[in-house]
file data_13.cif (mmCIF, C-alpha atoms)
data_run
#
loop_
_atom_site.label_atom_id
_atom_site.label_comp_id
_atom_site.auth_asym_id
_atom_site.auth_seq_id
_atom_site.Cartn_x
_atom_site.Cartn_y
_atom_site.Cartn_z
CA MET U 1 119.61 82.73 74.18
CA THR U 2 122.75 84.48 75.40
CA ALA U 3 126.17 83.84 73.88
CA MET U 4 127.33 82.15 77.08
CA ALA U 5 124.32 79.82 77.13
CA LYS U 6 124.97 78.93 73.50
CA VAL U 7 128.61 78.08 74.22
CA THR U 8 127.60 75.91 77.18
CA GLU U 9 125.02 74.10 75.08
CA GLU U 10 127.56 73.55 72.30
CA GLN U 11 130.04 72.10 74.80
CA ALA U 12 127.33 69.79 76.09
CA LEU U 13 126.57 68.62 72.55
CA VAL U 14 130.26 67.96 71.84
CA GLU U 15 130.57 66.05 75.11
CA ARG U 16 127.49 63.95 74.28
CA PHE U 17 128.95 63.15 70.84
CA ARG U 18 132.24 62.11 72.42
CA ARG U 19 130.37 59.70 74.65
CA GLY U 20 128.86 58.09 71.54
CA ASP U 21 125.51 59.87 71.25
CA ASP U 22 125.16 60.36 67.47
CA SER U 23 121.98 62.38 67.82
CA ALA U 24 124.13 65.18 69.28
CA PHE U 25 125.88 65.42 65.93
CA ASP U 26 122.52 65.62 64.15
CA ARG U 27 121.69 68.56 66.40
CA ILE U 28 125.02 70.24 65.54
CA VAL U 29 124.37 69.74 61.81
CA GLU U 30 120.83 71.07 62.14
CA ARG U 31 122.08 74.13 63.97
CA HIS U 32 125.07 75.05 61.79
CA SER U 33 124.46 73.60 58.31
CA ALA U 34 122.64 76.68 56.98
CA GLU U 35 125.44 79.02 58.06
CA VAL U 36 128.11 76.68 56.70
CA ALA U 37 126.24 76.43 53.38
CA ALA U 38 125.85 80.22 53.20
CA LEU U 39 129.57 80.76 53.84
CA ALA U 40 130.55 78.10 51.28
CA ASN U 41 128.18 79.68 48.75
CA ARG U 42 129.85 83.06 49.24
CA LEU U 43 133.41 81.73 49.22
CA LEU U 44 132.80 79.69 46.07
CA GLY U 45 131.26 82.60 44.17
CA TRP U 46 127.53 81.91 44.64
CA PRO U 47 127.30 78.69 42.59
CA GLY U 48 124.00 77.79 44.34
CA ASP U 49 124.79 74.09 44.74
CA VAL U 50 127.19 73.63 47.64
CA ASP U 51 126.08 70.16 48.66
CA ASP U 52 129.51 68.55 48.15
CA VAL U 53 131.37 71.09 50.24
CA VAL U 54 128.82 71.03 53.07
CA GLN U 55 129.05 67.24 53.16
CA GLU U 56 132.85 67.35 53.18
CA VAL U 57 132.77 69.87 56.03
CA PHE U 58 130.52 67.76 58.23
CA VAL U 59 132.37 64.52 57.41
CA ALA U 60 135.59 66.27 58.50
CA ALA U 61 133.80 67.60 61.58
CA TRP U 62 132.59 64.08 62.46
CA VAL U 63 136.15 62.76 62.24
CA GLY U 64 137.73 65.71 64.05
CA LEU U 65 135.12 66.52 66.68
CA LYS U 66 136.58 64.05 69.16
CA LYS U 67 139.79 66.07 69.11
CA PHE U 68 138.03 69.44 69.34
CA ARG U 69 139.49 71.11 72.42
CA GLY U 70 136.94 73.91 72.71
CA GLU U 71 139.54 76.68 72.39
CA CYS U 72 137.17 78.53 70.09
CA ARG U 73 133.46 78.41 69.42
CA LEU U 74 132.15 75.41 67.53
CA ARG U 75 130.81 77.76 64.85
CA THR U 76 134.29 79.28 64.35
CA TRP U 77 135.81 75.81 64.16
CA LEU U 78 133.27 74.73 61.52
CA PHE U 79 133.89 77.95 59.58
CA THR U 80 137.64 77.19 59.62
CA ILE U 81 136.96 73.77 58.10
CA THR U 82 134.61 75.40 55.57
CA VAL U 83 137.26 77.93 54.51
CA ASN U 84 139.82 75.13 54.03
CA LYS U 85 137.40 72.89 52.14
CA CYS U 86 136.35 75.79 49.91
CA ARG U 87 140.02 76.52 49.13
CA SER U 88 140.64 72.94 47.99
CA HIS U 89 137.29 72.75 46.19
CA ARG U 90 138.01 75.98 44.32
CA PHE U 91 141.52 74.78 43.49
CA ARG U 92 140.16 71.50 42.09
CA ARG U 93 137.52 73.37 40.09
CA LEU U 94 140.04 75.89 38.73
CA ARG U 95 142.26 73.09 37.49
CA ARG U 96 139.36 71.87 35.36
CA LEU U 97 138.38 75.28 34.00
CA ARG U 98 140.08 77.44 31.44
CA PRO U 99 141.30 80.80 32.77
CA VAL U 100 139.08 83.88 32.39
CA THR U 101 140.36 86.02 29.53
CA THR U 102 140.07 89.77 28.95
CA ALA U 103 137.52 89.01 26.22
CA ASP U 104 135.32 87.20 28.77
CA VAL U 105 135.43 90.16 31.12
CA GLU U 106 134.56 92.55 28.31
CA ALA U 107 131.66 90.33 27.28
CA MET U 108 130.40 90.30 30.88
CA GLU U 109 130.68 94.09 31.08
CA SER U 110 128.87 94.61 27.79
CA ARG U 111 126.07 92.43 29.15
CA ASP U 112 126.06 94.63 32.26
CA ARG U 113 125.43 97.69 30.15
CA SER U 114 122.39 96.27 28.32
CA GLY U 115 118.82 95.51 29.45
CA ASP U 116 115.99 97.33 31.17
CA LYS U 117 115.95 98.86 34.64
CA ALA U 118 114.98 95.80 36.71
CA ALA U 119 117.37 93.61 34.80
CA MET U 120 120.01 96.28 35.29
CA ASP U 121 119.69 96.03 39.06
CA GLN U 122 120.16 92.29 38.84
CA GLU U 123 123.10 92.82 36.51
CA THR U 124 124.57 95.40 38.87
CA PHE U 125 124.49 92.93 41.73
CA ALA U 126 125.83 90.20 39.48
CA ARG U 127 128.67 92.55 38.62
CA VAL U 128 129.37 93.16 42.31
CA ARG U 129 129.45 89.42 42.91
CA ARG U 130 131.79 88.91 39.97
CA ALA U 131 134.08 91.64 41.30
CA VAL U 132 134.23 89.81 44.63
CA GLN U 133 134.90 86.51 42.87
CA MET U 134 137.77 88.01 40.90
CA LEU U 135 139.54 89.22 44.05
CA PRO U 136 142.58 87.22 45.17
CA ARG U 137 141.73 84.52 47.69
CA LYS U 138 142.90 86.33 50.83
CA TYR U 139 140.86 89.43 49.98
CA ARG U 140 137.81 87.49 48.86
CA GLU U 141 137.74 85.50 52.07
CA ILE U 142 138.02 88.53 54.29
CA ILE U 143 135.25 90.36 52.39
CA ALA U 144 132.93 87.35 52.63
CA LEU U 145 133.61 86.79 56.31
CA ARG U 146 133.46 90.42 57.42
CA TYR U 147 130.72 92.00 55.37
CA MET U 148 128.52 89.15 54.21
CA GLN U 149 128.86 86.62 57.02
CA GLY U 150 129.07 89.50 59.52
CA LEU U 151 131.78 88.00 61.72
CA GLU U 152 133.61 90.03 64.35
CA ALA U 153 137.23 91.02 63.71
CA GLU U 154 138.48 88.83 66.56
CA GLU U 155 136.64 85.79 65.21
CA ILE U 156 138.05 86.34 61.71
CA CYS U 157 141.61 86.60 63.10
CA GLY U 158 141.15 83.29 64.92
CA LEU U 159 139.59 81.66 61.89
CA LEU U 160 142.22 82.74 59.35
CA LYS U 161 145.03 82.62 61.92
CA ILE U 162 146.21 86.17 61.24
CA ARG U 163 146.92 89.17 63.46
CA PRO U 164 144.41 92.04 63.74
CA ASN U 165 146.80 94.38 61.90
CA ALA U 166 147.12 91.96 59.00
CA MET U 167 143.36 91.58 58.88
CA GLN U 168 142.88 95.35 58.74
CA VAL U 169 145.47 95.67 55.97
CA ARG U 170 143.78 92.94 53.93
CA LEU U 171 140.40 94.53 54.46
CA ASN U 172 141.65 97.95 53.32
CA ARG U 173 143.31 96.49 50.25
CA ALA U 174 140.22 94.45 49.39
CA ARG U 175 138.07 97.58 49.66
CA LYS U 176 140.52 99.48 47.49
CA ARG U 177 140.36 96.81 44.81
CA LEU U 178 136.58 96.77 44.93
CA LYS U 179 136.56 100.54 44.61
CA GLU U 180 138.71 100.23 41.50
CA GLN U 181 136.30 97.69 40.03
CA LEU U 182 133.02 99.24 41.14
CA GLY U 183 133.93 102.92 41.42
CA ASP U 184 131.10 104.03 39.11
CA LEU U 185 128.46 102.26 41.24
CA LEU U 186 129.78 103.77 44.44
CA GLU U 187 129.90 107.26 42.91
CA GLU U 188 126.28 106.85 41.77
CA GLU U 189 125.25 105.99 45.33
CA SER U 190 127.02 108.93 46.89
CA MET N 1 133.34 106.28 49.25
CA ASN N 2 133.12 104.76 52.70
CA GLU N 3 132.94 101.35 54.31
CA ASP N 4 129.17 101.52 54.77
CA GLN N 5 128.54 102.02 51.08
CA ILE N 6 130.63 98.99 50.13
CA LYS N 7 129.07 96.96 52.91
CA ARG N 8 125.55 97.82 51.77
CA LEU N 9 126.33 97.05 48.16
CA LEU N 10 127.87 93.69 49.10
CA ILE N 11 124.96 92.75 51.35
CA GLU N 12 122.44 93.60 48.64
CA ALA N 13 124.45 91.66 46.05
CA ASP N 14 124.58 88.70 48.41
CA ALA N 15 120.87 88.90 49.22
CA THR N 16 119.90 88.81 45.56
CA ALA N 17 122.14 85.81 44.77
CA ALA N 18 120.88 82.24 44.51
CA GLU N 19 120.15 80.56 47.85
CA PRO N 20 122.71 77.86 48.69
CA GLY N 21 121.30 74.44 47.89
CA PHE N 22 122.29 71.45 49.99
CA SER N 23 120.62 68.28 51.11
CA PRO N 24 120.13 67.77 54.84
CA MET N 25 122.64 65.45 56.48
CA THR N 26 122.43 63.07 59.39
CA GLY N 27 124.96 61.26 61.53
CA ALA N 28 123.83 57.98 59.92
CA GLY N 29 124.55 59.35 56.42
CA ILE N 30 128.02 60.48 57.46
CA ARG N 31 128.77 57.12 59.08
CA SER N 32 127.72 55.39 55.87
CA GLN N 33 130.01 57.64 53.81
CA LEU N 34 132.96 56.96 56.10
CA ARG N 35 132.27 53.21 56.00
CA ARG N 36 132.25 53.32 52.21
CA LYS N 37 135.56 55.17 52.10
CA ARG N 38 137.11 52.69 54.55
CA LEU N 39 135.84 49.74 52.51
CA VAL N 40 137.33 51.13 49.31
CA ARG N 41 140.60 51.77 51.16
CA VAL N 42 140.75 48.13 52.35
CA ALA N 43 139.17 46.25 49.43
CA VAL N 44 141.11 47.82 46.58
CA PRO N 45 144.63 46.93 47.81
CA THR N 46 143.49 43.43 48.90
CA THR N 47 141.96 42.66 45.53
CA ALA N 48 144.94 44.13 43.70
CA ALA N 49 147.38 42.06 45.79
CA ALA N 50 145.41 38.85 45.15
CA ALA N 51 145.31 39.57 41.41
CA VAL N 52 149.05 40.25 41.32
CA THR N 53 149.76 36.99 43.23
CA VAL N 54 147.62 34.96 40.82
CA ALA N 55 149.30 36.58 37.83
CA ALA N 56 152.76 35.94 39.29
CA ALA N 57 151.94 32.29 40.00
CA LEU N 58 150.59 31.78 36.48
CA ALA N 59 153.66 33.44 35.02
CA ALA N 60 155.95 31.22 37.09
CA LEU N 61 154.05 28.13 35.98
CA TRP N 62 154.22 29.16 32.35
CA ALA N 63 157.96 29.90 32.64
CA ALA N 64 158.58 26.50 34.19
CA SER N 65 156.70 24.69 31.43
CA MET N 66 158.54 26.65 28.72
CA ARG N 67 161.99 26.06 30.17
CA THR N 68 163.98 23.97 27.71
CA GLY N 69 166.48 21.34 28.73
CA SER N 70 164.98 20.85 32.08
CA PRO N 71 163.83 17.40 33.13
CA PRO N 72 160.15 16.68 32.48
CA PRO N 73 158.10 17.89 35.44
CA GLN N 74 156.97 15.35 37.93
CA PRO N 75 153.16 15.13 38.22
CA GLN N 76 153.39 15.58 42.00
CA ARG N 77 155.57 18.77 41.71
CA ILE N 78 153.23 20.38 39.11
CA ALA N 79 150.11 19.58 41.04
CA SER N 80 151.28 21.64 43.98
CA PRO N 81 151.55 25.06 42.21
CA GLU N 82 148.35 24.33 40.28
CA GLU N 83 146.63 23.66 43.56
CA GLN N 84 148.03 26.89 44.95
CA VAL N 85 146.78 28.87 41.96
CA ARG N 86 143.35 27.27 42.34
CA GLN N 87 143.27 28.19 46.00
CA LEU N 88 144.35 31.75 45.25
CA GLN N 89 141.67 32.03 42.58
CA MET N 90 139.08 30.80 45.03
CA GLN N 91 140.29 33.29 47.63
CA THR N 92 140.11 36.12 45.09
CA GLU N 93 136.62 35.12 44.04
CA THR N 94 135.50 34.96 47.66
CA THR N 95 136.99 38.40 48.36
CA LEU N 96 135.39 39.88 45.25
CA LYS N 97 132.03 38.36 46.16
CA LEU N 98 132.33 39.82 49.65
CA VAL N 99 133.22 43.24 48.25
CA ARG N 100 130.29 43.05 45.82
CA ASP N 101 127.89 42.09 48.62
CA VAL N 102 129.11 44.89 50.89
CA LEU N 103 128.93 47.44 48.07
CA GLU N 104 125.42 46.32 47.19
CA LYS N 105 124.34 46.56 50.81
CA ASP N 106 125.96 49.97 51.05
CA TRP N 107 124.21 51.12 47.87
CA ARG N 108 120.87 50.05 49.33
CA GLU N 109 121.61 51.98 52.53
CA ARG N 110 122.65 55.05 50.56
CA HIS N 111 119.55 54.85 48.42
CA LEU N 112 117.38 54.63 51.52
CA ALA N 113 119.25 57.54 53.12
CA SER N 114 118.86 59.69 50.00
CA LEU N 115 115.12 58.95 49.90
CA GLU N 116 114.86 59.89 53.57
CA ALA N 117 116.85 63.06 52.93
CA GLU N 118 114.62 63.93 49.99
CA LEU N 119 111.60 63.49 52.21
CA ALA N 120 113.15 65.66 54.90
CA SER N 121 114.18 68.34 52.40
CA ILE N 122 110.62 69.23 51.47
CA PRO N 123 110.50 72.76 52.90
CA ASP N 124 108.05 73.86 55.54
CA PRO N 125 105.45 75.85 53.51
CA LEU N 126 105.00 78.43 56.29
CA LYS N 127 108.73 79.12 56.47
CA GLU N 128 108.92 79.34 52.69
CA ILE N 129 106.05 81.85 52.56
CA GLY N 130 107.71 83.88 55.34
CA ARG N 131 110.95 83.94 53.38
CA GLN N 132 109.19 85.02 50.19
CA VAL N 133 107.33 87.77 52.07
CA ASP N 134 110.62 88.99 53.52
CA LYS N 135 112.24 89.02 50.11
CA THR N 136 109.31 90.85 48.47
CA ALA N 137 109.28 93.50 51.20
CA PHE N 138 113.01 93.98 50.83
CA ILE N 139 112.72 94.42 47.05
CA LEU N 140 109.90 96.96 47.44
CA VAL N 141 111.92 98.99 49.95
CA TYR N 142 114.97 98.75 47.74
CA GLN N 143 113.03 100.00 44.69
CA ALA N 144 111.51 102.82 46.77
CA ASP N 145 115.02 103.80 47.94
CA LYS N 146 116.12 103.94 44.32
CA LEU N 147 113.12 106.12 43.39
CA TYR N 148 113.81 108.51 46.21
CA LYS N 149 117.57 108.72 46.22
CA GLU N 150 118.51 108.29 42.60
CA LEU N 151 115.48 109.31 40.53
CA ASN N 152 114.20 112.03 42.94
CA GLN N 153 110.63 110.72 42.63
CA THR N 154 109.60 111.45 46.21
CA GLU N 155 105.86 110.89 45.72
CA SER N 156 106.30 107.52 44.05
CA ALA N 157 108.76 106.54 46.75
CA VAL N 158 106.30 107.54 49.51
CA ARG N 159 103.58 105.48 47.80
CA ALA N 160 105.91 102.50 47.63
CA TYR N 161 106.91 102.80 51.32
CA LYS N 162 103.22 103.05 52.29
CA GLU N 163 102.49 99.99 50.22
CA VAL N 164 105.14 98.02 52.10
CA ILE N 165 103.65 99.14 55.44
CA GLN N 166 100.15 98.25 54.28
CA LEU N 167 101.04 94.86 52.82
CA PHE N 168 103.54 93.67 55.42
CA PRO N 169 102.82 95.66 58.59
CA THR N 170 104.72 93.32 60.93
CA ASN N 171 107.73 92.73 58.71
CA GLN N 172 111.16 94.20 59.54
CA TRP N 173 111.16 96.00 56.18
CA ALA N 174 107.92 97.76 57.14
CA ASP N 175 109.86 99.29 60.07
CA VAL N 176 112.50 100.44 57.61
CA ALA N 177 109.78 101.93 55.39
CA ARG N 178 108.28 103.78 58.39
CA GLU N 179 111.69 105.17 59.24
CA ARG N 180 112.21 106.34 55.64
CA LEU N 181 108.76 107.98 55.59
CA SER N 182 109.46 109.86 58.79
CA GLN N 183 112.79 111.02 57.34
CA ILE N 184 111.04 112.28 54.18
CA GLU N 185 108.37 114.06 56.24
CA GLN N 186 111.02 115.65 58.41
CA ARG N 187 112.91 116.80 55.33
CA GLN N 188 109.74 118.26 53.80
CA ILE N 189 108.93 120.12 57.04
CA ASN N 190 112.44 121.55 57.10
CA GLN N 191 112.23 122.57 53.47
CA SER N 192 108.79 124.15 53.88
CA GLY N 193 110.21 126.07 56.84
CA LYS N 194 112.81 127.48 54.51
CA GLY N 195 110.15 128.33 51.90
CA VAL N 196 110.78 125.46 49.56
CA SER N 197 107.93 123.56 47.95
CA LYS N 198 106.92 120.30 49.68
CA CYS N 199 106.92 118.32 46.46
CA GLU N 200 110.37 119.32 45.48
CA PRO N 201 112.56 116.22 45.48
CA ARG N 202 115.62 115.88 47.61
CA ASN N 203 118.86 116.99 46.07
CA VAL N 204 121.40 114.19 46.05
#
call {"tool": "encode", "arguments": {"input": "data_13.cif", "output": "structure tokens"}}
result
Amino acid sequence: MTAMAKVTEEQALVERFRRGDDSAFDRIVERHSAEVAALANRLLGWPGDVDDVVQEVFVAAWVGLKKFRGECRLRTWLFTITVNKCRSHRFRRLRRLRPVTTADVEAMESRDRSGDKAAMDQETFARVRRAVQMLPRKYREIIALRYMQGLEAEEICGLLKIRPNAMQVRLNRARKRLKEQLGDLLEEES
Amino acid sequence: MNEDQIKRLLIEADATAAEPGFSPMTGAGIRSQLRRKRLVRVAVPTTAAAAVTVAAALAALWAASMRTGSPPPQPQRIASPEEQVRQLQMQTETTLKLVRDVLEKDWRERHLASLEAELASIPDPLKEIGRQVDKTAFILVYQADKLYKELNQTESAVRAYKEVIQLFPTNQWADVARERLSQIEQRQINQSGKGVSKCEPRNV
């Protein structure tokens, strides 16, 4: 299906929902819930269970869909809600948790250095994920959206409401920080 | 270090993370949630207001009976606030009963919806097998890449790539394995042209 056909079908679904056809919303959920869950999982640091956030996103979508003006794609609009919900969810969760100390990080790193080869690969990837999690919010979001979710630059700018220059700057800084954290892994690869 | 390296590392880290778990949702489930929220928004202040009114009326009655020096209350004048309190209590009880009924009904609906969702969440076995096959093929290719690029074990890597092609011939990772094999062959041809042994591993 071409992008244009998809957009037209999405508009038709939104229009059907506005007219009171609830099954159109089921179709929207069916089509986008996996992507929304994947994005929430990445933004929240791969916790696995993202049921609450996905529910919050679609409840907000249900309430707001009647006001959706179609200025962007439905997927982008849902991703915007997801980013906002993940921010508040993370904030709520952080308030309940104690802050990560240097000792915790050292303990994580010492775990990274132990174990056999297969476990080491898993630990390496876990280390990469932790490095992404430890990035400041604006860098973490841009990394998740650009490299893991695979969104286009234009879509990210619309979603985060930033200019292309700002997006590029954030991306460069995020990469620089990751390089500082994971420099040894990247050197090994090269 | 370049963007591609970071991108690859991030994608691999993401691919090996836990799959996001969420229960399927329906429009009916969302409507039920919204109804519940609305009910709580309406019922809580109503009940609280009724309770406050009853408490205030009781306090006023008690204050009136405790007041010293005042003429003894007339039976007719006392009966009126008592009647009011009784009415308010009845109203509160009716409201509470209504809230309880609605909550119970809502709980039953939610329970039914969660059972339906549980039923719907049982994964399609074919899709699940396809996903597992995809994941296995990816891991094999990834391990073969490691053998070839990092450990310089070209022969083991070639065996692993061939295994992927043999086990999952139609999978996307089999295409990747074919591409890698052709690259290795090409490299070996080039090296043999320059007089280098075929088995010599690639220098990284």
call {"tool": "residues_around", "arguments": {"input": "data_13.cif", "residues": "Val83 of chain U", "least_positions_apart": "2", "cutoff": "12 Å", "atoms": "all atoms listed in the file", "output": "NGL selection string"}}
result
:U and (36-44 or 53-54 or 56-57 or 76-81 or 85-90 or 137-138 or 140-142 or 144-145 or 156 or 159-161)
call {"tool": "interface_residues", "arguments": {"input": "data_13.cif", "of": "chain U", "to": "chain N", "cutoff": "9 Å", "atoms": "all atoms listed in the file", "output": "PyMOL selection string"}}
result
chain U and resi 22-27+29-30+33-34+37-38+40-42+46-52+54-55+58-59+62+122+124-129+132+143-144+147-148+175+178-179+183+185-190
call {"tool": "write_last_selection", "arguments": {"input": "data_13.cif", "atoms": "C-alpha atoms", "output": "mmCIF file, in the frame of the given file"}}
result
data_model
loop_
_atom_site.group_PDB
_atom_site.id
_atom_site.type_symbol
_atom_site.label_atom_id
_atom_site.label_comp_id
_atom_site.auth_asym_id
_atom_site.auth_seq_id
_atom_site.Cartn_x
_atom_site.Cartn_y
_atom_site.Cartn_z
ATOM 1 C CA ASP U 22 125.160 60.360 67.470
ATOM 2 C CA SER U 23 121.980 62.380 67.820
ATOM 3 C CA ALA U 24 124.130 65.180 69.280
ATOM 4 C CA PHE U 25 125.880 65.420 65.930
ATOM 5 C CA ASP U 26 122.520 65.620 64.150
ATOM 6 C CA ARG U 27 121.690 68.560 66.400
ATOM 7 C CA VAL U 29 124.370 69.740 61.810
ATOM 8 C CA GLU U 30 120.830 71.070 62.140
ATOM 9 C CA SER U 33 124.460 73.600 58.310
ATOM 10 C CA ALA U 34 122.640 76.680 56.980
ATOM 11 C CA ALA U 37 126.240 76.430 53.380
ATOM 12 C CA ALA U 38 125.850 80.220 53.200
ATOM 13 C CA ALA U 40 130.550 78.100 51.280
ATOM 14 C CA ASN U 41 128.180 79.680 48.750
ATOM 15 C CA ARG U 42 129.850 83.060 49.240
ATOM 16 C CA TRP U 46 127.530 81.910 44.640
ATOM 17 C CA PRO U 47 127.300 78.690 42.590
ATOM 18 C CA GLY U 48 124.000 77.790 44.340
ATOM 19 C CA ASP U 49 124.790 74.090 44.740
ATOM 20 C CA VAL U 50 127.190 73.630 47.640
ATOM 21 C CA ASP U 51 126.080 70.160 48.660
ATOM 22 C CA ASP U 52 129.510 68.550 48.150
ATOM 23 C CA VAL U 54 128.820 71.030 53.070
ATOM 24 C CA GLN U 55 129.050 67.240 53.160
ATOM 25 C CA PHE U 58 130.520 67.760 58.230
ATOM 26 C CA VAL U 59 132.370 64.520 57.410
ATOM 27 C CA TRP U 62 132.590 64.080 62.460
ATOM 28 C CA GLN U 122 120.160 92.290 38.840
ATOM 29 C CA THR U 124 124.570 95.400 38.870
ATOM 30 C CA PHE U 125 124.490 92.930 41.730
ATOM 31 C CA ALA U 126 125.830 90.200 39.480
ATOM 32 C CA ARG U 127 128.670 92.550 38.620
ATOM 33 C CA VAL U 128 129.370 93.160 42.310
ATOM 34 C CA ARG U 129 129.450 89.420 42.910
ATOM 35 C CA VAL U 132 134.230 89.810 44.630
ATOM 36 C CA ILE U 143 135.250 90.360 52.390
ATOM 37 C CA ALA U 144 132.930 87.350 52.630
ATOM 38 C CA TYR U 147 130.720 92.000 55.370
ATOM 39 C CA MET U 148 128.520 89.150 54.210
ATOM 40 C CA ARG U 175 138.070 97.580 49.660
ATOM 41 C CA LEU U 178 136.580 96.770 44.930
ATOM 42 C CA LYS U 179 136.560 100.540 44.610
ATOM 43 C CA GLY U 183 133.930 102.920 41.420
ATOM 44 C CA LEU U 185 128.460 102.260 41.240
ATOM 45 C CA LEU U 186 129.780 103.770 44.440
ATOM 46 C CA GLU U 187 129.900 107.260 42.910
ATOM 47 C CA GLU U 188 126.280 106.850 41.770
ATOM 48 C CA GLU U 189 125.250 105.990 45.330
ATOM 49 C CA SER U 190 127.020 108.930 46.890
#
call {"tool": "residues_around", "arguments": {"input": "data_13.cif", "residues": "Leu103 of chain N", "least_positions_apart": "3", "cutoff": "12 Å", "atoms": "all atoms listed in the file", "output": "PyMOL selection string"}}
result
chain N and resi 32-33+35-40+43+96-100+106-111
call {"tool": "write_last_selection", "arguments": {"input": "data_13.cif", "atoms": "C-alpha atoms", "output": "mmCIF file, keeping the file's coordinate frame"}}
result
data_model
loop_
_atom_site.group_PDB
_atom_site.id
_atom_site.type_symbol
_atom_site.label_atom_id
_atom_site.label_comp_id
_atom_site.auth_asym_id
_atom_site.auth_seq_id
_atom_site.Cartn_x
_atom_site.Cartn_y
_atom_site.Cartn_z
ATOM 1 C CA SER N 32 127.720 55.390 55.870
ATOM 2 C CA GLN N 33 130.010 57.640 53.810
ATOM 3 C CA ARG N 35 132.270 53.210 56.000
ATOM 4 C CA ARG N 36 132.250 53.320 52.210
ATOM 5 C CA LYS N 37 135.560 55.170 52.100
ATOM 6 C CA ARG N 38 137.110 52.690 54.550
ATOM 7 C CA LEU N 39 135.840 49.740 52.510
ATOM 8 C CA VAL N 40 137.330 51.130 49.310
ATOM 9 C CA ALA N 43 139.170 46.250 49.430
ATOM 10 C CA LEU N 96 135.390 39.880 45.250
ATOM 11 C CA LYS N 97 132.030 38.360 46.160
ATOM 12 C CA LEU N 98 132.330 39.820 49.650
ATOM 13 C CA VAL N 99 133.220 43.240 48.250
ATOM 14 C CA ARG N 100 130.290 43.050 45.820
ATOM 15 C CA ASP N 106 125.960 49.970 51.050
ATOM 16 C CA TRP N 107 124.210 51.120 47.870
ATOM 17 C CA ARG N 108 120.870 50.050 49.330
ATOM 18 C CA GLU N 109 121.610 51.980 52.530
ATOM 19 C CA ARG N 110 122.650 55.050 50.560
ATOM 20 C CA HIS N 111 119.550 54.850 48.420
#
call {"tool": "closest_residue", "arguments": {"input": "data_13.cif", "among": "N:Ala50, N:Ala64, N:Ala59, N:Leu112", "to": "Leu88 of chain N", "atoms": "only C-alpha atoms"}}
result
N:Ala50
call {"tool": "resolve_selection", "arguments": {"input": "data_13.cif", "expression": "the PyMOL selection byres ((chain N and resi 139) around 12)", "output": "PyMOL selection string"}}
result
(chain U and resi 118+121-122) or (chain N and resi 12+15-16+132-138+140-146+160-161+164+173-174+177)
call {"tool": "atom_distance", "arguments": {"input": "data_13.cif", "atom1": "atom CA of Glu71 of chain U", "atom2": "atom CA of Glu9 of chain U"}}
result
15.0 Å
call {"tool": "resolve_selection", "arguments": {"input": "data_13.cif", "expression": "the PyMOL selection byres ((chain U and resi 68) around 12)", "output": "count of residues only"}}
result
25
call {"tool": "atom_distance", "arguments": {"input": "data_13.cif", "atom1": "atom CA of Gln168 of chain U", "atom2": "atom CA of Ala153 of chain U"}}
result
8.7 Å
call {"tool": "closest_residue", "arguments": {"input": "data_13.cif", "among": "N:Leu151, N:Glu179, N:Arg86, N:Val52", "to": "Ile165 of chain N", "atoms": "all atoms listed in the file"}}
result
N:Glu179
call {"tool": "build_atoms", "arguments": {"input": "data_13.cif", "residues": "segment 80-90 of chain U", "atoms": "N, CA and C atoms", "output": "compact mmCIF listing (two decimals), in the coordinates of the input"}}
result
# COMPACT_ATOMS: atom_id res chain seq x y z
N THR U 80 136.25 77.43 60.03
CA THR U 80 137.64 77.19 59.62
C THR U 80 137.70 76.00 58.65
N ILE U 81 136.99 74.94 58.99
CA ILE U 81 136.96 73.77 58.10
C ILE U 81 136.36 74.17 56.76
N THR U 82 135.28 74.98 56.82
CA THR U 82 134.61 75.40 55.57
C THR U 82 135.57 76.18 54.68
N VAL U 83 136.31 77.12 55.30
CA VAL U 83 137.26 77.93 54.51
C VAL U 83 138.28 77.00 53.84
N ASN U 84 138.80 76.04 54.59
CA ASN U 84 139.82 75.13 54.03
C ASN U 84 139.23 74.25 52.92
N LYS U 85 138.03 73.74 53.16
CA LYS U 85 137.40 72.89 52.14
C LYS U 85 137.09 73.69 50.88
N CYS U 86 136.67 74.95 51.07
CA CYS U 86 136.35 75.79 49.91
C CYS U 86 137.64 76.08 49.12
N ARG U 87 138.75 76.28 49.84
CA ARG U 87 140.02 76.52 49.13
C ARG U 87 140.34 75.33 48.25
N SER U 88 140.27 74.10 48.82
CA SER U 88 140.64 72.94 47.99
C SER U 88 139.62 72.70 46.89
N HIS U 89 138.33 72.95 47.20
CA HIS U 89 137.29 72.75 46.19
C HIS U 89 137.51 73.72 45.02
N ARG U 90 137.80 74.96 45.35
CA ARG U 90 138.01 75.98 44.32
C ARG U 90 139.25 75.64 43.49
